[in-house]
Structures are given as structure tokens and as C-alpha cells.
Amino acid sequence: MGNDYVVPAIVAVTLVTLGIGFYGLRLGRTTSDFLVASRVISPTWNAAAIGGEYLSAASFLGVAGLVLKYGVDVLWYPVGFAAGYLALLLFVAAPLRRSGAFTLPDFCELRLGSRRLRILATAFVIFIGWLYLVPQLQGAGLTLSTLAGSPYPVGALLVAAVVTANVALGGMRAITFVQAFQYWLKLTALAVPVIFLALQWQADGRPAVTPPDGPTFRTATTVVVEHRATLTLPNGDIQEVRPGDELSFAAGDPVPQVSGVAIDAGDWLLPSAAGDDDRGLFATYSLILATFLGTMGLPHVLVRFYTNPDGAAARRTTLVVLALVGVFYLLPTLYGVLGRIYTPQLLISGQTDAVVVLLPGAVLGGGLVGRLLAALVAAGAFAAFLSTSSGLLTSVAGVISTDVLGRGSVRNFRLATVIAGAVPAVLALRLSGLDVSQVVGLAFAVAASSFCPLLVLGIWWRGLTDLGAAAGVLVGGGAAIGAVLVTVLGPPLSGWPATLIAQPAAWTVPLAFTVMIAVSMATRRRAPVDVAATMLRLHTPESLRL
């Protein structure tokens with residue numbers, strides 16, 4: 001791309017991240033420091049850190065790319081991502097902190113007294129963590145290759161190496177400071193450029209986002225296709241394009257219709273009616289369910305509430321997070337909208353996830369301001385990959401160190417961090433063509449179908465048994481994992497099967513709850529004998545000092 005400021009900006013973010021991590025090395029001395037920061041993080045710091053780790057590649061790049069590609073129909077992604085913290089606040093935050101657990105498997109054993117359930121929970125934590133880590137590394141490779149021209153593996157391996165080093169050296173205490181800093185960097189990296197972009201749009205005469213005759217190329221454009229697609233040209237001809245094909249368009253040429261992309265103004269502005277049998281409505285409700293309930297099942301989010309001093313602090317943290325996340329999600333949507341005007345070529349090339357990092361240069365040109373803002377966005381994108389990957393790696397390393405390698409010593413935690421970082425790095429190199437937000441959405445579906453029912457029923461229903469919990473997690477979570485594997489590795493599907501597999505939460509979440517309740521009622525004699533004391537502990541405010 002010829003932007004000399006991108007690499008220095010990314011290097012600066014990386015060095016600051018490592019510097020804060022090395023500072024945290026002075027504070028991280030005990031196992032409690034590494035796993036839960038010794039439970040001394042204030043609500044304000046913790047909320048910023050949660051915002052830093054939660055706003056991932058899917059938030060920074062993927063939401064804007066989806067809005068560019070599909071229109072208003074995908075606004076449920078940011079709505080669901082933000083609203084998930086409301087469910088977390090109402091049902092889980094304070095009781096989970098009062099449990100005194102270090103990890104999700106710890107909570108399972110504490111509540112239900114089953115070592116086998118703990119092992120099952122460990123397996124799901126690792127799977128969800130790795131599934132969520134892959135798109136973060138993929139996004140890093142995409143950003144660095146798009147802006148700096150480096151090979152795709154460089155960005156993915158750089159983030160994997162930096163995050164692994166940071167987590168291994170400082171644990172949760174160091175990562176808290178890193179993620180809090182990176183939230184504010186990400187917010188700045190989107191907020192400052194969007195002001196200049198909006199002013200330029202105003203200066204250009206406010207071109208329509210959805211012109212009646214369809215989008216056109218504002219300048220002469222050459223598109224290099226990255227993914228196979230079918231184009232419908234303005235004269236009605238059908239053209240198949242493959243990766244590597246080059247297409248040239250003159251200024252003012254209409255943008256061809258791309259298979260699977262909303263080009264028409266009506267399709268882009270209105271919710272989808274995919275199919276005549278309500279498949280679009282089903283997919284929308286399924287997405288809402290996955291994002292709204294999946295947040296409370298994400299291990300790297302839940303482990304943050306173990307770092308609060310008490311349940312009241314956990315609730316205050318969640319309220320602040322709702323505000324921080326809600327403000328952030330206003331910005332990627334604007335990038336997707338402006339991308340319809342200034343970067344329509346991304347619809348053809350298939351690189352819609354790159355709209356955030358390419359838009360400043362496309363709108364403002366190759367001048368100093370455009371290049372500096374592009375570098376700022378690149379720095380924010382890299383911060384997104386680093387902060388989310390740090391939280392995921394910490395949660396996965398925590399359960400590997402305590403449940404796979406031994407009893408959770410500092411040495412075991414560091415070894416677990418290396419293992420937890422190596423596997424997704426290898427997967428990211430082999431699965432470079434996945435849609436970032438789609439993979440993250442599937443991770444939410446798995447979390448909503450496994451840990452969400454387990455936590456809600458475990459905290460609020462004394463009749464839950466270990467066999468009921470295990471059956472629900474295996475059936476609901478297993479069905480969601482099956483949908484993930486079919487989506488990533490299976491053949492293309494059509495009709496209702498495609499909808500059910502692509503958005504599985506609408507049937508896997510009720511399935512998990514139903515199985516969990518039914519099996520628990522059938523095995524009610526296996527309810528823990530100390531369930532009354534455990535429930536009292538979960539729901540009694542600390543101020544009563546019982």
C-alpha cells in the first residue's frame with residue numbers, strides 16, 4: 001500500500017504492550033496473581049480491561065465488513081454483543097464472584113461436586129478459547145498483509161508470539177493493565193478517523209449510501225479477486241471469478257452484483273427475507289440468542305469477574321462495561337456505511353473485513369493526513385488482536401495449568417501458556433480464508449449452548465445435578481460444535497440445512513436447557529447434599545458476613 005507509517009505504528013503498539021507486560025512481571029509473583037490478579041482489581045480498571053479483551057477482531061474489523069456486505073440486517077451483531085452484558089449483570093456476575101472459584105471448571109466442581117464434569121468443562125473452555133483465538137490471529141495477518149504488504153503468516157505469528165510472551169511473564173495482573181490501555185487505544189483509533197471521514201463525506205456533497213441506480217466506482221479501480229464468486233454484470237451477463245483474477249472498472253461504472261452480497265438498495269437497507277419460508281427471520285433470532293446468551297459463557301469474559309474484590313464490585317464492573325462497549329459499537333457501523341460509497345471494490349475482491357483499515361486512504365487519498373489516520377487505525381486493529389488474544393490465552397492457560405498439567409503453579413501456568421498459544425497459531429495459518437465475524441458468532445453459539453445453561457441453572461436452580469449438567473453440555477454444546485465443524489470443514493449447504501447449521505443457537509440453546517433439566521429431574525437423588533449451603537454462599541451479599 002506504500003504507507004510508511006503503518007509498520008512504525010504497529011511496532012509502537014507491540015512495544016508498549018510488551019513494556020506494560022514486563023512491568024506487570026514485577027507484580028505477578030503468586031499463582032493467584034497469574035490466575036485472578038489476587039482479586040484486587042477495581043471496577044473501573046476491570047471494566048476497561050474487559051472492554052479491551054471483549055472488543056475483538058470481530059468487533060473492530062468484522063462488524064464494519066458485515067455492514068458493508070449485508071447492510072442493516074447484521075446490526076444485530078453489535079446489539080447482541082453489547083446486550084450480552086445485561087444478561088451477565090442480571091444472572092451471573094455477582095454470584096459467580098461469590099463462589100470463590102478461579103476458573104469455570106472450578107465453579108463446576110464447587111457447585112456440583114463432580115470431577116468428571118470438571119474435566120468436561122475444561123475441554124469446552126479450551127475448545128471455545130481456541131475457536132475464538134483463530135479469527136484474532138487471522139485478523140492480524142489480514143491487517144498486516146493489506147497495509148504493509150507482508151505475507152499473511154507474519155501478522156498472525158507476531159500476535160501469537162507477543163501475547164504468549166506477555167501472558168507467560170505477567171499473567172492476569174499484567175494483562176489487566178495491557179487490556180485497559182488497549183481499550184482506549186481502540187476507541188481512539190476508530191473515533192478520530194471517523195471525524196475526518198464524515199467531514200470529507202460532507203465536502204463531497206453527501207453522496208448517497210444507496211443510490212437508486214446502485215453503487216458505482218468513484219474512481220478508476222482495479223480489483224484483485226481474493227475469493228471465488230459469481231458476478232452479474234450490468235448488461236445481465238454472468239461471470240465466474242477466481243482468486244487472482246484482475247478486473248478493471250472506469251470511474252462511474254456500476255458495481256456488479258456479487259453472489260451472496262446485498263448490492264441493491266432495498267436489500268441493503270431492509271432486514272433480509274432469505275427464502276420464502278422464514279429462514280431469514282430464524283437466522284436473525286438465532287443470532288440474537290447466540291450473542292445475548294453467549295457472552296455469559298465465554299471463559300475469557302467470566303474469568304475477569306473472579307478478579308473483582310466482591311460481588312458488588314462485579315456488578316459495578318458490568319454496568320461500566322455496558323457503557324464502554326455501547327459507545328464503541330457506534331463506530332464500526334459508520335465505517336461499514338461509508339465503505340459502501342468509497343470502497344465498493346471490496347465487495348468484489350471479498351476483502352470486506354479490511355474496510356476499516358482501507359477506508360481512510362480511500363476517502364482522504366495518499367496525503368499525510370490519510371496515511372497517518374490509516375496508521376492509527378492499523379494500530380487500533382493490532383491492539384484489538386493483542387488484547388482479545390491475551391484474555392483468551394489467559395483463560396485457556398489457566399484451565400490447562402490447573403486441570404491438565406497439575407495444580408496450577410506459576411511454572412505450569414507458563415508452560416500452559418506456550419501450549420495454549422501454539423495450537424491456534426497453527427490453525428490460523430491453515431484456515432486463512434474464514435469470515436472473522438462468522439467464526440466468532442459460532443464461538444458465541446457454542447458458549448451459549450454449553451456454559452450459559454450450566455451457569456444459569458447452577459446459580460438459580462438447586463435441582464441441577466452433575467449428570468444433568470454433563471448431559472446438557474454434551475448434547476447442546478456438542479450440537480453447536482458439530483455445526484462449527486460442518487461450517488468450517490463441510491461442503492456448501494442450501495435451504496433450511498444451511499440456515500440451521502450457520503446459525504445453530506436457536507435450536508441448540510433450548511436443547512441444552514431441556515436436556516439439562518430433564519436429566520436432572522430424573523437423577524434428583526444425585527443433587528449435592530450441601531446444595532443449600534452452596535446456594536446461600538452464591539446469593540448472600542458480602543455485607544451480611546454470613
# chains A, B, ... in the order shown; residues from 1 in each chain; ligands from 1
$ residues_around --residues "range 342-354 of chain A" --least-positions-apart "3" --cutoff "6 Å" --atoms "only C-alpha atoms" --output "list in words"
Leu61, Gly62, Gly65, Val224, Val225, Glu226, His227, Gly339 and Val357 of chain A
$ residues_around --residues "range 306-322 of chain A" --least-positions-apart "4" --cutoff "9 Å" --atoms "only C-alpha atoms" --output "ChimeraX atom specification"
/A:35-48,50-51,82-86,88-90,93-103,172,302,326-327,541-542
$ write_last_selection --atoms "N, CA and C atoms" --output "CSV table (one decimal), in the first residue's frame"
chain,number,residue,atom,x,y,z
A,35,LEU,N,-3.6,-16.1,37.9
A,35,LEU,CA,-4.9,-16.6,37.5
A,35,LEU,C,-6.0,-15.5,37.7
A,36,VAL,N,-6.0,-14.8,38.8
A,36,VAL,CA,-7.1,-13.9,39.0
A,36,VAL,C,-6.6,-12.5,39.6
A,37,ALA,N,-5.4,-12.2,39.4
A,37,ALA,CA,-4.8,-10.9,39.8
A,37,ALA,C,-5.0,-10.6,41.3
A,38,SER,N,-5.0,-11.7,42.1
A,38,SER,CA,-5.2,-11.7,43.5
A,38,SER,C,-6.5,-11.0,43.9
A,39,ARG,N,-7.5,-10.9,43.0
A,39,ARG,CA,-8.8,-10.4,43.3
A,39,ARG,C,-8.8,-9.0,43.9
A,40,VAL,N,-8.0,-8.1,43.3
A,40,VAL,CA,-7.9,-6.8,43.8
A,40,VAL,C,-8.1,-5.7,42.8
A,41,ILE,N,-8.7,-6.1,41.6
A,41,ILE,CA,-8.9,-5.1,40.5
A,41,ILE,C,-10.1,-4.3,40.8
A,42,SER,N,-10.0,-3.0,40.7
A,42,SER,CA,-11.2,-2.1,40.9
A,42,SER,C,-12.2,-2.2,39.7
A,43,PRO,N,-13.5,-1.9,40.0
A,43,PRO,CA,-14.4,-2.0,38.9
A,43,PRO,C,-14.1,-1.1,37.6
A,44,THR,N,-13.5,0.1,37.8
A,44,THR,CA,-13.2,0.9,36.7
A,44,THR,C,-12.1,0.3,35.8
A,45,TRP,N,-11.0,-0.2,36.5
A,45,TRP,CA,-9.9,-0.8,35.8
A,45,TRP,C,-10.4,-2.1,35.1
A,46,ASN,N,-11.2,-2.9,35.8
A,46,ASN,CA,-11.6,-4.1,35.3
A,46,ASN,C,-12.6,-3.9,34.1
A,47,ALA,N,-13.4,-2.9,34.2
A,47,ALA,CA,-14.3,-2.6,33.0
A,47,ALA,C,-13.5,-2.3,31.8
A,48,ALA,N,-12.5,-1.4,31.9
A,48,ALA,CA,-11.7,-1.1,30.8
A,48,ALA,C,-11.0,-2.3,30.2
A,50,ILE,N,-12.0,-5.4,30.5
A,50,ILE,CA,-13.0,-6.3,29.8
A,50,ILE,C,-13.3,-5.7,28.4
A,51,GLY,N,-13.5,-4.4,28.4
A,51,GLY,CA,-13.7,-3.8,27.1
A,51,GLY,C,-12.6,-4.0,26.1
A,82,ALA,N,-23.2,-6.2,22.7
A,82,ALA,CA,-23.3,-5.3,23.8
A,82,ALA,C,-24.4,-5.7,24.9
A,83,ALA,N,-25.5,-6.2,24.4
A,83,ALA,CA,-26.6,-6.6,25.3
A,83,ALA,C,-26.3,-7.8,26.1
A,84,GLY,N,-25.3,-8.6,25.6
A,84,GLY,CA,-25.0,-9.8,26.4
A,84,GLY,C,-24.5,-9.5,27.8
A,85,TYR,N,-24.0,-8.3,28.0
A,85,TYR,CA,-23.6,-7.9,29.4
A,85,TYR,C,-24.7,-7.6,30.3
A,86,LEU,N,-25.9,-7.3,29.7
A,86,LEU,CA,-27.1,-7.1,30.5
A,86,LEU,C,-27.5,-8.4,31.1
A,88,LEU,N,-25.5,-10.9,31.6
A,88,LEU,CA,-24.4,-11.3,32.6
A,88,LEU,C,-24.6,-10.5,33.9
A,89,LEU,N,-25.0,-9.3,33.8
A,89,LEU,CA,-25.3,-8.5,35.0
A,89,LEU,C,-26.4,-9.1,35.8
A,90,LEU,N,-27.5,-9.4,35.1
A,90,LEU,CA,-28.7,-9.9,35.8
A,90,LEU,C,-28.6,-11.2,36.5
A,93,ALA,N,-23.0,-12.3,37.2
A,93,ALA,CA,-21.8,-11.6,37.7
A,93,ALA,C,-21.5,-11.8,39.2
A,94,ALA,N,-22.4,-11.3,40.0
A,94,ALA,CA,-22.2,-11.3,41.4
A,94,ALA,C,-22.1,-12.7,42.0
A,95,PRO,N,-23.1,-13.6,41.8
A,95,PRO,CA,-23.0,-15.0,42.3
A,95,PRO,C,-21.7,-15.7,41.9
A,96,LEU,N,-21.3,-15.5,40.6
A,96,LEU,CA,-20.1,-16.2,40.2
A,96,LEU,C,-18.8,-15.7,41.0
A,97,ARG,N,-18.8,-14.4,41.2
A,97,ARG,CA,-17.6,-13.9,42.0
A,97,ARG,C,-17.7,-14.4,43.5
A,98,ARG,N,-18.9,-14.5,44.0
A,98,ARG,CA,-19.0,-15.0,45.4
A,98,ARG,C,-18.7,-16.5,45.5
A,99,SER,N,-18.7,-17.2,44.4
A,99,SER,CA,-18.4,-18.6,44.5
A,99,SER,C,-16.9,-18.9,45.0
A,100,GLY,N,-16.0,-17.9,44.7
A,100,GLY,CA,-14.6,-18.1,45.1
A,100,GLY,C,-13.8,-18.9,44.1
A,101,ALA,N,-14.4,-19.3,43.0
A,101,ALA,CA,-13.7,-20.1,42.0
A,101,ALA,C,-12.6,-19.3,41.3
A,102,PHE,N,-11.6,-20.0,40.8
A,102,PHE,CA,-10.6,-19.4,39.9
A,102,PHE,C,-10.9,-19.5,38.5
A,103,THR,N,-11.6,-20.6,38.1
A,103,THR,CA,-11.9,-20.9,36.7
A,103,THR,C,-13.3,-21.5,36.6
A,172,MET,N,-2.5,-12.7,34.8
A,172,MET,CA,-3.7,-11.8,34.8
A,172,MET,C,-3.4,-10.4,35.3
A,302,LEU,N,-15.7,-14.4,31.7
A,302,LEU,CA,-16.1,-14.8,33.0
A,302,LEU,C,-14.9,-14.7,34.0
A,326,GLY,N,-21.1,-0.1,24.5
A,326,GLY,CA,-22.1,0.5,23.7
A,326,GLY,C,-21.6,1.7,22.9
A,327,VAL,N,-20.7,2.5,23.5
A,327,VAL,CA,-20.1,3.6,22.8
A,327,VAL,C,-19.3,3.1,21.7
A,541,PRO,N,-25.2,-11.3,50.0
A,541,PRO,CA,-24.3,-10.2,49.8
A,541,PRO,C,-23.2,-10.3,50.8
A,542,GLU,N,-22.0,-9.9,50.4
A,542,GLU,CA,-20.8,-10.0,51.4
A,542,GLU,C,-21.0,-9.1,52.6
$ closest_residue --among "A:Val159, A:Val223, A:Met516, A:Val355" --to "Leu15 in chain A" --atoms "only C-alpha atoms"
A:Val159
$ closest_residue --among "A:Ala362, A:Leu112, A:Ala208, A:Leu538" --to "Val92 in chain A" --atoms "only C-alpha atoms"
A:Leu538
$ atom_distance --atom1 "CA of Arg411 in chain A" --atom2 "CA of Ala168 in chain A"
9.1 Å
$ closest_residue --among "A:Phe282, A:Trp130, A:Trp76, A:Tyr152" --to "Ile501 in chain A" --atoms "only C-alpha atoms"
A:Phe282
$ closest_residue --among "A:Ala375, A:Leu169, A:Val529, A:Leu331" --to "Thr143 in chain A" --atoms "only C-alpha atoms"
A:Ala375
$ atom_distance --atom1 "CA of Ala290 in chain A" --atom2 "CA of Ala229 in chain A"
28.5 Å
$ residues_around --residues "Thr508 in chain A" --least-positions-apart "4" --cutoff "8 Å" --atoms "only C-alpha atoms" --output "PyMOL selection string"
chain A and resi 449+476-477+479-480+504+512
$ write_last_selection --atoms "N, CA, C and O atoms" --output "PDB file, in the first residue's frame"
ATOM      1  N   SER A 449     -24.643 -22.499  24.178  1.00  0.00           N
ATOM      2  CA  SER A 449     -25.253 -23.834  24.230  1.00  0.00           C
ATOM      3  C   SER A 449     -24.610 -24.740  25.264  1.00  0.00           C
ATOM      4  O   SER A 449     -25.059 -25.873  25.441  1.00  0.00           O
ATOM      5  N   GLY A 476     -26.186 -30.101  23.947  1.00  0.00           N
ATOM      6  CA  GLY A 476     -26.308 -28.760  23.376  1.00  0.00           C
ATOM      7  C   GLY A 476     -24.990 -28.231  22.832  1.00  0.00           C
ATOM      8  O   GLY A 476     -24.910 -27.783  21.674  1.00  0.00           O
ATOM      9  N   GLY A 477     -23.951 -28.286  23.660  1.00  0.00           N
ATOM     10  CA  GLY A 477     -22.645 -27.817  23.207  1.00  0.00           C
ATOM     11  C   GLY A 477     -22.086 -28.669  22.093  1.00  0.00           C
ATOM     12  O   GLY A 477     -21.460 -28.161  21.153  1.00  0.00           O
ATOM     13  N   ALA A 479     -23.807 -30.331  19.833  1.00  0.00           N
ATOM     14  CA  ALA A 479     -24.523 -29.998  18.598  1.00  0.00           C
ATOM     15  C   ALA A 479     -23.976 -28.709  17.993  1.00  0.00           C
ATOM     16  O   ALA A 479     -23.802 -28.605  16.767  1.00  0.00           O
ATOM     17  N   ALA A 480     -23.682 -27.707  18.835  1.00  0.00           N
ATOM     18  CA  ALA A 480     -23.124 -26.449  18.333  1.00  0.00           C
ATOM     19  C   ALA A 480     -21.728 -26.667  17.757  1.00  0.00           C
ATOM     20  O   ALA A 480     -21.369 -26.087  16.722  1.00  0.00           O
ATOM     21  N   PRO A 504     -26.857 -21.888  14.634  1.00  0.00           N
ATOM     22  CA  PRO A 504     -27.464 -23.017  15.352  1.00  0.00           C
ATOM     23  C   PRO A 504     -28.062 -22.688  16.715  1.00  0.00           C
ATOM     24  O   PRO A 504     -28.771 -23.516  17.292  1.00  0.00           O
ATOM     25  N   ALA A 512     -30.089 -27.664  24.989  1.00  0.00           N
ATOM     26  CA  ALA A 512     -29.221 -27.820  26.161  1.00  0.00           C
ATOM     27  C   ALA A 512     -30.008 -27.620  27.458  1.00  0.00           C
ATOM     28  O   ALA A 512     -29.868 -28.404  28.413  1.00  0.00           O
TER      29      ALA A 512
END
$ atom_distance --atom1 "CA of Pro135 in chain A" --atom2 "CA of Val63 in chain A"
13.2 Å
